[in-house]
Amino acid sequence: MDFDWLFFTEVTLAALGNSALLALTGLAFVLIYKATRVVNLAIGEMLMIGAYLFFSFTAGMGLPPWGAVILSIIGGALLGAAIERSVIRPMLGEAAISVFMVTIGVGSVLIGLTELIWGAEPTALPDFMGKTPIFIGDAYVSRKVVIGFSVAAAVIALFLLAFRFWRGGVALRATASDQAAAYSCGINVPAVFSLAWMFAGAAAAGGGILVGAVGGIAPTMGVFGLSALVVVIVGGLDSIVGVLIGGILVGLLEAWCGTYLGGEYKMLATFSLLMLVLLVRPYGLFGTVEIERL
Amino acid sequence: MTDTILDVRNIEVVYNNTVQVLRGLSLSVPRGQVVALLGSNGAGKSTTLKAVSNLLELEDGAVTSGAITFDGTPIAGLKPHALVRRGLFHVMEGRRIFEDLTVEENLTAATFALSGRGVAPTKFDTVYEYFPRLFERRTGRAGYLSGGEQQMLAIGRALIAQPKLILLDEPSLGLSPKLVEEIFTIIARINRERGVSMLLVEQNAAVAMAVAHTGYILETGKVVIDGPVEKLMRDEDVREFYLGVAGEGSEKSYRDVKHYKRRKRWLS
Ligand SMILES: Nc1ncnc2c1ncn2[C@@H]1O[C@H](COP(=O)(O)OP(=O)(O)OP(=O)(O)O)[C@@H](O)[C@H]1O
Ligand SMILES: [Mg+2]
């Protein structure tokens, strides 16, 4: 039997859409890790809250999609700031493992709140992207995937530019590099922590809307954060380049294995990749070596 | 306005609630002067500077008694960045530049020291005038600078912050004698030309005394000798233990006894 190249291309293009979303979520994770050294396992749940906020603003309150997007992203940023201020900052100086456990707790609380407020049933987000398929050459790609990919890529690019050229981006990288030295330069380090969590919360909320638009929303959709976690561990916890490359790798691998071997191989393949990378490079492909072990 | 920019009164510092490092240390920096703080390894020099800049709390250290006043205001309760924004800049031991930022970005980071002060931003050229070598490397990663250039960058960041007082912790660390001389010449120039007061911690007593007006000598957490640099330079103990110049004309055996007695006095 001949290999169906057209089908392969379509699968790959769809996978790249997922890759971009993984990279965006991973970026949110890395942002928090770099600035505050917190391994935030609640990132998937923060993403979920973003999707549910969007659901409420559109389906519930009948706002136009663009308004709902903006409000959901602001909501995500506020959620990030609230988590940092209320549970993470009081833990400052505690063992990394305790803070890690606390973020797991935060994740569970967010799931519980979602089930209380919105119920446990999966729902679909109102369609706001249209359905006309898009063709790249002969290959068919769903419109949602194309939009998801473009938006995620644009947001990632925006983040990268901000890190490099915005003065606040310099403060963030300085804090990530040496906290005491950042203080000694007059940088308000606690404010930088808040800022990192706000940006991460905003990015996660945006990611949640895109993920929800493609796959629907449910209180369990936070597991997407687990794939994103694999992405950052593969790429290196503190590396932005690593997150981009890890996102592409994991997205493609999941899709190819899911299509050609069957859905049950997806996780197997992803975690095999994870173990392989960790065996060869314990700190991820692009991670800094000195990272503290949990 | 007082003519004392920094006053440290009888402070005690404890790390981790257990290790006492400073035991009733007092010193003061007159406005516009360079004050040297000398002492052997582990005497508590860096701890003194961290107590003044409030960076102590990051290392689980605390001032348990005594008072520190900067420019007329008690510093207790002020966050480190807030102190920097009032004009107190700490150049930490080991340079502590941001290695994965460029030279320019390191200077940009220091511009946060000017937030809310209503002063005109410092031109980076000011730094490059003192340290032309930094200009050549301004777009390169700071981690790739040589040790001397990194020290220049650390002092350059302080210049950006337009401080009233700079705390300098061992700027000579790991540098060749020639570079030490170069850096100290510039430190003296900065003090002269900008009127910045300095509290200078050094192992290299000779070079520190060359730029300082007054000096304090620290042993296990308290001051044992202090005074104008000219007086310290004449002091036999200082000459022998810190400047490495032996006393003259005395018999060896007698000197050994005296040496021992003096040593004992210092350590008690
Ligand atoms: N974070 C800390 N926790 C516990 N003890 C500390 C800490 N920092 C310093 N010390 C102790 O305090 C004492 C004084 O240290 P400090 O760094 O102030 O010395 P120093 O005079 O600067 O010495 P050096 O010339 O070697 O830099 C030392 O005995 C040191 O072990
Ligand atoms: Mg020291």
# chains A, B, ... in the order shown; residues from 1 in each chain; ligands from 1
$ residues_around --residues "Asn16 (chain B)" --least-positions-apart "5" --cutoff "10 Å" --atoms "only C-alpha atoms" --output "PDB file with N, CA, C and O atoms, in the first residue's frame"
ATOM      1  N   GLU B  57      17.549  39.997  54.907  1.00  0.00           N
ATOM      2  CA  GLU B  57      16.352  39.179  55.083  1.00  0.00           C
ATOM      3  C   GLU B  57      16.231  38.084  54.018  1.00  0.00           C
ATOM      4  O   GLU B  57      15.575  37.077  54.235  1.00  0.00           O
ATOM      5  N   GLU B  59      18.585  36.217  53.225  1.00  0.00           N
ATOM      6  CA  GLU B  59      19.432  35.103  53.652  1.00  0.00           C
ATOM      7  C   GLU B  59      19.075  34.645  55.044  1.00  0.00           C
ATOM      8  O   GLU B  59      19.890  34.038  55.731  1.00  0.00           O
ATOM      9  N   ASP B  60      17.850  34.963  55.460  1.00  0.00           N
ATOM     10  CA  ASP B  60      17.398  34.544  56.765  1.00  0.00           C
ATOM     11  C   ASP B  60      18.258  35.110  57.890  1.00  0.00           C
ATOM     12  O   ASP B  60      18.501  34.458  58.899  1.00  0.00           O
ATOM     13  N   GLY B  61      18.746  36.328  57.686  1.00  0.00           N
ATOM     14  CA  GLY B  61      19.476  37.020  58.736  1.00  0.00           C
ATOM     15  C   GLY B  61      18.614  38.155  59.258  1.00  0.00           C
ATOM     16  O   GLY B  61      17.696  38.609  58.575  1.00  0.00           O
ATOM     17  N   ALA B  62      18.889  38.612  60.487  1.00  0.00           N
ATOM     18  CA  ALA B  62      18.087  39.704  61.030  1.00  0.00           C
ATOM     19  C   ALA B  62      18.939  40.559  61.970  1.00  0.00           C
ATOM     20  O   ALA B  62      19.837  40.055  62.644  1.00  0.00           O
TER      21      ALA B  62
END
$ select_by_dssp --residues "region 10-93 of chain B" --states "strand (DSSP E or B)" --output "ChimeraX atom specification"
/B:10-15,19-30,34-39,61-70,73-74,88-91
$ interface_residues --of "chain B" --to "chain A" --cutoff "9 Å" --atoms "only C-alpha atoms" --output "number ranges by chain"
B: 53, 55, 58, 79-85, 89-92, 95-101, 105-106, 108-115, 157-158, 161
$ select_by_dssp --residues "region 24-253 of chain B" --states "alpha helix (DSSP H)" --output "tab-separated table (two decimals) with N, CA, C and O atoms, in the first residue's frame"
chain	number	residue	atom	x	y	z
B	45	LYS	N	32.14	41.58	57.50
B	45	LYS	CA	32.09	42.79	56.66
B	45	LYS	C	30.89	42.76	55.72
B	45	LYS	O	30.11	43.71	55.66
B	46	SER	N	30.77	41.65	54.98
B	46	SER	CA	29.65	41.56	54.04
B	46	SER	C	28.33	41.60	54.79
B	46	SER	O	27.35	42.21	54.34
B	47	THR	N	28.29	40.96	55.95
B	47	THR	CA	27.07	40.97	56.76
B	47	THR	C	26.69	42.40	57.13
B	47	THR	O	25.51	42.77	57.09
B	48	THR	N	27.69	43.22	57.48
B	48	THR	CA	27.41	44.61	57.80
B	48	THR	C	26.74	45.31	56.62
B	48	THR	O	25.72	46.00	56.78
B	49	LEU	N	27.30	45.12	55.43
B	49	LEU	CA	26.72	45.78	54.25
B	49	LEU	C	25.29	45.28	53.99
B	49	LEU	O	24.40	46.07	53.67
B	50	LYS	N	25.08	43.99	54.14
B	50	LYS	CA	23.74	43.44	53.89
B	50	LYS	C	22.75	43.95	54.92
B	50	LYS	O	21.56	44.12	54.62
B	51	ALA	N	23.23	44.18	56.15
B	51	ALA	CA	22.34	44.74	57.16
B	51	ALA	C	21.92	46.15	56.76
B	51	ALA	O	20.77	46.54	56.91
B	52	VAL	N	22.86	46.91	56.20
B	52	VAL	CA	22.58	48.28	55.81
B	52	VAL	C	21.63	48.34	54.62
B	52	VAL	O	20.74	49.19	54.56
B	53	SER	N	21.78	47.41	53.65
B	53	SER	CA	20.94	47.47	52.45
B	53	SER	C	19.66	46.64	52.61
B	53	SER	O	18.88	46.53	51.66
B	80	PRO	N	14.43	46.25	50.30
B	80	PRO	CA	15.70	46.59	49.67
B	80	PRO	C	15.55	47.53	48.46
B	80	PRO	O	16.29	48.50	48.32
B	81	HIS	N	14.54	47.24	47.60
B	81	HIS	CA	14.42	48.08	46.40
B	81	HIS	C	14.00	49.51	46.77
B	81	HIS	O	14.37	50.46	46.11
B	82	ALA	N	13.24	49.62	47.86
B	82	ALA	CA	12.81	50.95	48.29
B	82	ALA	C	14.02	51.76	48.77
B	82	ALA	O	14.13	52.96	48.50
B	83	LEU	N	14.94	51.09	49.46
B	83	LEU	CA	16.16	51.76	49.91
B	83	LEU	C	17.00	52.22	48.72
B	83	LEU	O	17.55	53.32	48.72
B	84	VAL	N	17.09	51.35	47.71
B	84	VAL	CA	17.85	51.70	46.51
B	84	VAL	C	17.26	52.97	45.89
B	84	VAL	O	17.97	53.88	45.47
B	85	ARG	N	15.92	53.03	45.89
B	85	ARG	CA	15.25	54.18	45.28
B	85	ARG	C	15.40	55.43	46.12
B	85	ARG	O	15.10	56.53	45.67
B	103	VAL	N	25.28	43.74	28.38
B	103	VAL	CA	25.81	44.82	29.20
B	103	VAL	C	24.78	45.95	29.31
B	103	VAL	O	24.48	46.44	30.40
B	104	GLU	N	24.20	46.32	28.17
B	104	GLU	CA	23.20	47.38	28.16
B	104	GLU	C	21.99	47.02	29.01
B	104	GLU	O	21.45	47.86	29.74
B	105	GLU	N	21.55	45.76	28.90
B	105	GLU	CA	20.38	45.35	29.67
B	105	GLU	C	20.68	45.37	31.17
B	105	GLU	O	19.81	45.68	31.99
B	106	ASN	N	21.92	45.06	31.54
B	106	ASN	CA	22.31	45.17	32.95
B	106	ASN	C	22.15	46.61	33.43
B	106	ASN	O	21.67	46.85	34.54
B	107	LEU	N	22.55	47.55	32.60
B	107	LEU	CA	22.40	48.96	32.97
B	107	LEU	C	20.93	49.34	33.00
B	107	LEU	O	20.48	50.07	33.89
B	108	THR	N	20.16	48.82	32.04
B	108	THR	CA	18.72	49.09	32.03
B	108	THR	C	18.08	48.60	33.33
B	108	THR	O	17.23	49.30	33.91
B	109	ALA	N	18.49	47.43	33.78
B	109	ALA	CA	17.93	46.90	35.03
B	109	ALA	C	18.15	47.89	36.17
B	109	ALA	O	17.28	48.06	37.03
B	110	ALA	N	19.30	48.56	36.17
B	110	ALA	CA	19.60	49.50	37.25
B	110	ALA	C	18.77	50.78	37.17
B	110	ALA	O	18.69	51.53	38.14
B	124	PHE	N	23.60	56.33	29.60
B	124	PHE	CA	24.57	55.23	29.69
B	124	PHE	C	25.97	55.73	29.38
B	124	PHE	O	26.96	55.17	29.82
B	125	ASP	N	26.05	56.84	28.63
B	125	ASP	CA	27.36	57.41	28.29
B	125	ASP	C	28.16	57.76	29.54
B	125	ASP	O	29.39	57.71	29.54
B	126	THR	N	27.45	58.15	30.61
B	126	THR	CA	28.14	58.46	31.86
B	126	THR	C	28.98	57.26	32.30
B	126	THR	O	30.13	57.41	32.73
B	127	VAL	N	28.37	56.08	32.19
B	127	VAL	CA	29.08	54.86	32.58
B	127	VAL	C	30.25	54.60	31.62
B	127	VAL	O	31.36	54.28	32.04
B	128	TYR	N	29.96	54.79	30.32
B	128	TYR	CA	30.99	54.49	29.32
B	128	TYR	C	32.17	55.45	29.41
B	128	TYR	O	33.29	55.12	29.01
B	129	GLU	N	31.92	56.67	29.94
B	129	GLU	CA	33.03	57.60	30.11
B	129	GLU	C	34.02	57.09	31.15
B	129	GLU	O	35.23	57.19	30.98
B	130	TYR	N	33.46	56.55	32.24
B	130	TYR	CA	34.34	55.98	33.26
B	130	TYR	C	34.95	54.66	32.80
B	130	TYR	O	36.09	54.34	33.12
B	132	PRO	N	35.37	52.90	29.37
B	132	PRO	CA	35.25	52.82	27.92
B	132	PRO	C	35.17	51.38	27.42
B	132	PRO	O	34.53	51.11	26.41
B	133	ARG	N	35.76	50.45	28.15
B	133	ARG	CA	35.74	49.07	27.71
B	133	ARG	C	34.33	48.51	27.66
B	133	ARG	O	34.01	47.64	26.84
B	134	LEU	N	33.46	48.98	28.56
B	134	LEU	CA	32.08	48.49	28.56
B	134	LEU	C	31.35	48.93	27.30
B	134	LEU	O	30.47	48.23	26.80
B	135	PHE	N	31.73	50.09	26.78
B	135	PHE	CA	31.09	50.59	25.57
B	135	PHE	C	31.34	49.63	24.40
B	135	PHE	O	30.43	49.29	23.66
B	136	GLU	N	32.58	49.17	24.31
B	136	GLU	CA	32.91	48.24	23.22
B	136	GLU	C	32.11	46.95	23.32
B	136	GLU	O	31.80	46.33	22.32
B	147	GLY	N	36.60	39.13	34.36
B	147	GLY	CA	36.30	39.47	35.74
B	147	GLY	C	36.37	40.97	36.00
B	147	GLY	O	35.51	41.55	36.67
B	148	GLY	N	37.39	41.62	35.45
B	148	GLY	CA	37.56	43.05	35.65
B	148	GLY	C	36.42	43.83	35.01
B	148	GLY	O	35.87	44.77	35.61
B	149	GLU	N	36.05	43.41	33.80
B	149	GLU	CA	34.96	44.11	33.11
B	149	GLU	C	33.64	43.91	33.85
B	149	GLU	O	32.80	44.82	33.91
B	150	GLN	N	33.46	42.71	34.43
B	150	GLN	CA	32.24	42.48	35.20
B	150	GLN	C	32.19	43.40	36.42
B	150	GLN	O	31.13	43.92	36.78
B	151	GLN	N	33.34	43.62	37.07
B	151	GLN	CA	33.37	44.53	38.21
B	151	GLN	C	33.04	45.95	37.76
B	151	GLN	O	32.35	46.69	38.44
B	152	MET	N	33.56	46.31	36.56
B	152	MET	CA	33.25	47.64	36.02
B	152	MET	C	31.75	47.76	35.79
B	152	MET	O	31.14	48.79	36.09
B	153	LEU	N	31.14	46.69	35.28
B	153	LEU	CA	29.70	46.72	35.03
B	153	LEU	C	28.92	46.85	36.34
B	153	LEU	O	27.95	47.60	36.43
B	154	ALA	N	29.41	46.13	37.37
B	154	ALA	CA	28.73	46.20	38.67
B	154	ALA	C	28.78	47.63	39.21
B	154	ALA	O	27.79	48.13	39.75
B	155	ILE	N	29.90	48.30	39.05
B	155	ILE	CA	30.00	49.69	39.50
B	155	ILE	C	29.21	50.60	38.55
B	155	ILE	O	28.58	51.57	38.98
B	156	GLY	N	29.21	50.25	37.27
B	156	GLY	CA	28.44	51.01	36.29
B	156	GLY	C	26.96	51.03	36.63
B	156	GLY	O	26.29	52.07	36.52
B	157	ARG	N	26.44	49.89	37.07
B	157	ARG	CA	25.04	49.84	37.47
B	157	ARG	C	24.78	50.81	38.61
B	157	ARG	O	23.75	51.48	38.66
B	158	ALA	N	25.74	50.89	39.53
B	158	ALA	CA	25.59	51.82	40.65
B	158	ALA	C	25.53	53.26	40.14
B	158	ALA	O	24.73	54.07	40.62
B	159	LEU	N	26.36	53.58	39.14
B	159	LEU	CA	26.35	54.94	38.60
B	159	LEU	C	25.00	55.31	38.01
B	159	LEU	O	24.52	56.43	38.16
B	160	ILE	N	24.39	54.33	37.31
B	160	ILE	CA	23.07	54.56	36.70
B	160	ILE	C	22.06	54.97	37.76
B	160	ILE	O	21.18	55.78	37.54
B	177	PRO	N	46.73	42.94	40.00
B	177	PRO	CA	47.12	44.19	40.65
B	177	PRO	C	46.91	45.41	39.76
B	177	PRO	O	46.47	46.47	40.22
B	178	LYS	N	47.18	45.25	38.48
B	178	LYS	CA	47.04	46.38	37.57
B	178	LYS	C	45.58	46.81	37.47
B	178	LYS	O	45.25	48.00	37.53
B	179	LEU	N	44.68	45.82	37.34
B	179	LEU	CA	43.26	46.13	37.25
B	179	LEU	C	42.73	46.70	38.56
B	179	LEU	O	41.91	47.62	38.56
B	180	VAL	N	43.24	46.18	39.68
B	180	VAL	CA	42.82	46.70	40.97
B	180	VAL	C	43.13	48.19	41.03
B	180	VAL	O	42.29	49.01	41.42
B	181	GLU	N	44.32	48.54	40.59
B	181	GLU	CA	44.71	49.94	40.62
B	181	GLU	C	43.79	50.78	39.73
B	181	GLU	O	43.31	51.84	40.12
B	182	GLU	N	43.52	50.25	38.54
B	182	GLU	CA	42.66	50.95	37.60
B	182	GLU	C	41.27	51.19	38.20
B	182	GLU	O	40.75	52.31	38.18
B	183	ILE	N	40.70	50.12	38.77
B	183	ILE	CA	39.34	50.23	39.32
B	183	ILE	C	39.31	51.20	40.50
B	183	ILE	O	38.40	52.02	40.63
B	184	PHE	N	40.33	51.14	41.35
B	184	PHE	CA	40.33	52.02	42.52
B	184	PHE	C	40.56	53.47	42.14
B	184	PHE	O	40.03	54.38	42.79
B	185	THR	N	41.30	53.69	41.08
B	185	THR	CA	41.45	55.06	40.59
B	185	THR	C	40.09	55.61	40.20
B	185	THR	O	39.73	56.76	40.51
B	186	ILE	N	39.30	54.76	39.53
B	186	ILE	CA	37.98	55.21	39.09
B	186	ILE	C	37.04	55.38	40.28
B	186	ILE	O	36.25	56.33	40.33
B	187	ILE	N	37.15	54.48	41.25
B	187	ILE	CA	36.32	54.63	42.46
B	187	ILE	C	36.60	55.99	43.12
B	187	ILE	O	35.68	56.72	43.48
B	188	ALA	N	37.88	56.33	43.22
B	188	ALA	CA	38.23	57.63	43.82
B	188	ALA	C	37.68	58.78	42.99
B	188	ALA	O	37.20	59.78	43.52
B	189	ARG	N	37.75	58.61	41.66
B	189	ARG	CA	37.23	59.66	40.77
B	189	ARG	C	35.73	59.84	40.95
B	189	ARG	O	35.23	60.97	40.99
B	190	ILE	N	35.02	58.72	41.03
B	190	ILE	CA	33.56	58.80	41.18
B	190	ILE	C	33.23	59.55	42.47
B	190	ILE	O	32.36	60.42	42.51
B	191	ASN	N	33.94	59.23	43.54
B	191	ASN	CA	33.72	59.91	44.81
B	191	ASN	C	33.99	61.40	44.69
B	191	ASN	O	33.22	62.24	45.15
B	192	ARG	N	35.08	61.74	44.03
B	192	ARG	CA	35.48	63.14	43.91
B	192	ARG	C	34.52	63.91	43.00
B	192	ARG	O	34.01	64.97	43.36
B	193	GLU	N	34.26	63.34	41.82
B	193	GLU	CA	33.51	64.08	40.80
B	193	GLU	C	32.01	64.13	41.07
B	193	GLU	O	31.34	65.07	40.69
B	194	ARG	N	31.46	63.09	41.69
B	194	ARG	CA	30.01	63.04	41.88
B	194	ARG	C	29.61	63.25	43.33
B	194	ARG	O	28.42	63.26	43.64
B	205	ALA	N	43.93	45.87	52.18
B	205	ALA	CA	43.89	47.07	53.03
B	205	ALA	C	44.67	48.23	52.41
B	205	ALA	O	44.23	49.38	52.47
B	206	ALA	N	45.80	47.92	51.80
B	206	ALA	CA	46.65	48.99	51.29
B	206	ALA	C	45.91	49.83	50.26
B	206	ALA	O	45.89	51.07	50.33
B	207	VAL	N	45.27	49.15	49.33
B	207	VAL	CA	44.60	49.87	48.25
B	207	VAL	C	43.36	50.59	48.78
B	207	VAL	O	43.03	51.71	48.36
B	208	ALA	N	42.68	49.99	49.75
B	208	ALA	CA	41.50	50.63	50.33
B	208	ALA	C	41.90	51.91	51.07
B	208	ALA	O	41.24	52.95	50.94
B	209	MET	N	42.99	51.84	51.83
B	209	MET	CA	43.45	53.01	52.59
B	209	MET	C	43.87	54.13	51.65
B	209	MET	O	43.83	55.31	52.00
B	210	ALA	N	44.31	53.75	50.46
B	210	ALA	CA	44.76	54.77	49.51
B	210	ALA	C	43.60	55.65	49.05
B	210	ALA	O	43.81	56.83	48.75
B	211	VAL	N	42.38	55.11	49.00
B	211	VAL	CA	41.27	55.94	48.54
B	211	VAL	C	40.38	56.44	49.68
B	211	VAL	O	39.63	57.39	49.51
B	229	VAL	N	42.42	57.57	58.14
B	229	VAL	CA	43.34	56.65	57.50
B	229	VAL	C	44.80	56.92	57.88
B	229	VAL	O	45.57	55.99	58.13
B	230	GLU	N	45.17	58.22	58.02
B	230	GLU	CA	46.56	58.55	58.35
B	230	GLU	C	46.94	57.94	59.70
B	230	GLU	O	48.04	57.44	59.89
B	231	LYS	N	45.97	57.99	60.62
B	231	LYS	CA	46.24	57.44	61.95
B	231	LYS	C	46.38	55.91	61.88
B	231	LYS	O	47.29	55.33	62.47
B	232	LEU	N	45.49	55.28	61.11
B	232	LEU	CA	45.54	53.83	61.00
B	232	LEU	C	46.85	53.37	60.38
B	232	LEU	O	47.43	52.37	60.77
B	233	MET	N	47.31	54.17	59.40
B	233	MET	CA	48.54	53.78	58.70
B	233	MET	C	49.73	53.81	59.64
B	233	MET	O	50.73	53.13	59.42
B	234	ARG	N	49.65	54.65	60.68
B	234	ARG	CA	50.77	54.73	61.63
B	234	ARG	C	50.65	53.68	62.72
B	234	ARG	O	51.63	53.35	63.37
B	236	GLU	N	50.76	50.51	64.73
B	236	GLU	CA	51.66	49.36	64.54
B	236	GLU	C	50.90	48.08	64.24
B	236	GLU	O	51.29	47.29	63.40
B	237	ASP	N	49.79	47.86	64.96
B	237	ASP	CA	49.00	46.65	64.74
B	237	ASP	C	48.48	46.58	63.32
B	237	ASP	O	48.56	45.55	62.66
B	238	VAL	N	47.96	47.70	62.88
B	238	VAL	CA	47.39	47.73	61.53
B	238	VAL	C	48.48	47.47	60.51
B	238	VAL	O	48.30	46.68	59.57
B	239	ARG	N	49.62	48.12	60.74
B	239	ARG	CA	50.72	47.93	59.79
B	239	ARG	C	51.10	46.47	59.69
B	239	ARG	O	51.30	45.92	58.61
B	240	GLU	N	51.17	45.84	60.86
B	240	GLU	CA	51.65	44.47	60.88
B	240	GLU	C	50.62	43.48	60.35
B	240	GLU	O	50.91	42.63	59.51
B	241	PHE	N	49.38	43.60	60.81
B	241	PHE	CA	48.39	42.58	60.47
B	241	PHE	C	47.66	42.86	59.16
B	241	PHE	O	47.16	41.95	58.52
B	252	LYS	N	63.40	40.48	68.39
B	252	LYS	CA	62.45	39.52	67.85
B	252	LYS	C	61.62	38.83	68.93
B	252	LYS	O	60.40	38.76	68.86
B	253	SER	N	62.35	38.33	69.95
B	253	SER	CA	61.64	37.57	70.97
B	253	SER	C	60.60	38.44	71.68
B	253	SER	O	59.46	38.05	71.90
$ residues_near_ligand --ligand "ligand 2" --cutoff "8 Å" --atoms "only C-alpha atoms and all ligand atoms" --output "MDAnalysis selection string"
chainID B and resid 41:42 44:47 93 169:170 201
$ atom_distance --atom1 "CA of Gly222 (chain A)" --atom2 "CA of Val241 (chain A)"
23.6 Å
$ closest_residue --among "A:Met129, A:Ile217, A:Ala68, A:Val30" --to "Ser142 (chain A)" --atoms "only C-alpha atoms"
A:Met129
$ residues_around --residues "Gly76 (chain A)" --least-positions-apart "4" --cutoff "10 Å" --atoms "only C-alpha atoms" --output "number ranges by chain"
A: 46-51, 53, 70-72, 80-82, 197-206, 208
$ closest_residue --among "A:Ile117, A:Val231, A:Leu21, A:Leu160" --to "Gly207 (chain A)" --atoms "only C-alpha atoms"
A:Leu21
$ residues_around --residues "Asn18 (chain A)" --least-positions-apart "3" --cutoff "9 Å" --atoms "only C-alpha atoms" --output "VMD selection string"
chain A and resid 14 to 15 21 to 23 145 148 to 149 211 247 to 248 251 to 252 255
$ write_last_selection --atoms "N, CA and C atoms" --output "compact mmCIF listing (two decimals), in the first residue's frame"
# COMPACT_ATOMS: atom_id res chain seq x y z
N ALA A 14 -2.75 19.58 11.38
CA ALA A 14 -3.64 19.63 12.55
C ALA A 14 -2.81 19.53 13.83
N ALA A 15 -1.77 18.69 13.78
CA ALA A 15 -0.92 18.51 14.96
C ALA A 15 -0.21 19.81 15.31
N LEU A 21 -0.63 25.35 20.77
CA LEU A 21 -1.34 25.51 22.04
C LEU A 21 -0.52 24.95 23.20
N LEU A 22 0.13 23.82 22.96
CA LEU A 22 1.00 23.25 23.99
C LEU A 22 2.13 24.23 24.32
N ALA A 23 2.70 24.81 23.28
CA ALA A 23 3.81 25.74 23.49
C ALA A 23 3.35 26.97 24.27
N VAL A 145 -8.28 25.08 13.88
CA VAL A 145 -6.87 24.76 14.07
C VAL A 145 -6.00 25.89 13.53
N GLY A 148 -6.37 28.81 15.86
CA GLY A 148 -5.66 28.49 17.10
C GLY A 148 -4.16 28.62 16.93
N PHE A 149 -3.65 28.05 15.85
CA PHE A 149 -2.21 28.11 15.61
C PHE A 149 -1.74 29.55 15.45
N VAL A 211 -8.16 26.01 23.23
CA VAL A 211 -8.31 24.57 23.44
C VAL A 211 -9.79 24.20 23.51
N GLY A 247 7.15 21.80 22.38
CA GLY A 247 5.75 21.84 21.97
C GLY A 247 5.56 21.19 20.61
N ILE A 248 6.44 21.54 19.67
CA ILE A 248 6.33 20.96 18.33
C ILE A 248 6.55 19.44 18.38
N GLY A 251 3.56 17.69 20.20
CA GLY A 251 2.34 17.80 19.39
C GLY A 251 2.38 16.83 18.22
N LEU A 252 3.50 16.82 17.51
CA LEU A 252 3.62 15.93 16.35
C LEU A 252 3.58 14.47 16.76
N ALA A 255 0.12 13.26 17.69
CA ALA A 255 -0.78 13.12 16.54
C ALA A 255 -0.38 11.92 15.68
$ residues_around --residues "Arg9 (chain B)" --least-positions-apart "5" --cutoff "6 Å" --atoms "only C-alpha atoms" --output "NGL selection string"
:B and (26 or 66-67)
$ write_last_selection --atoms "all heavy atoms" --output "short mmCIF file (atom, residue, chain, number, x, y, z; two decimals), in the first residue's frame"
data_model
loop_
_atom_site.label_atom_id
_atom_site.label_comp_id
_atom_site.auth_asym_id
_atom_site.auth_seq_id
_atom_site.Cartn_x
_atom_site.Cartn_y
_atom_site.Cartn_z
N SER B 26 29.33 49.47 65.55
CA SER B 26 28.94 50.85 65.25
C SER B 26 29.90 51.43 64.23
O SER B 26 31.10 51.18 64.29
CB SER B 26 28.99 51.72 66.50
OG SER B 26 28.09 51.25 67.46
N GLY B 66 19.99 47.35 68.04
CA GLY B 66 20.72 48.46 67.44
C GLY B 66 19.89 49.14 66.38
O GLY B 66 18.73 48.78 66.15
N ALA B 67 20.47 50.18 65.74
CA ALA B 67 19.70 50.95 64.76
C ALA B 67 20.60 51.38 63.61
O ALA B 67 21.78 51.65 63.79
CB ALA B 67 19.09 52.18 65.43
#
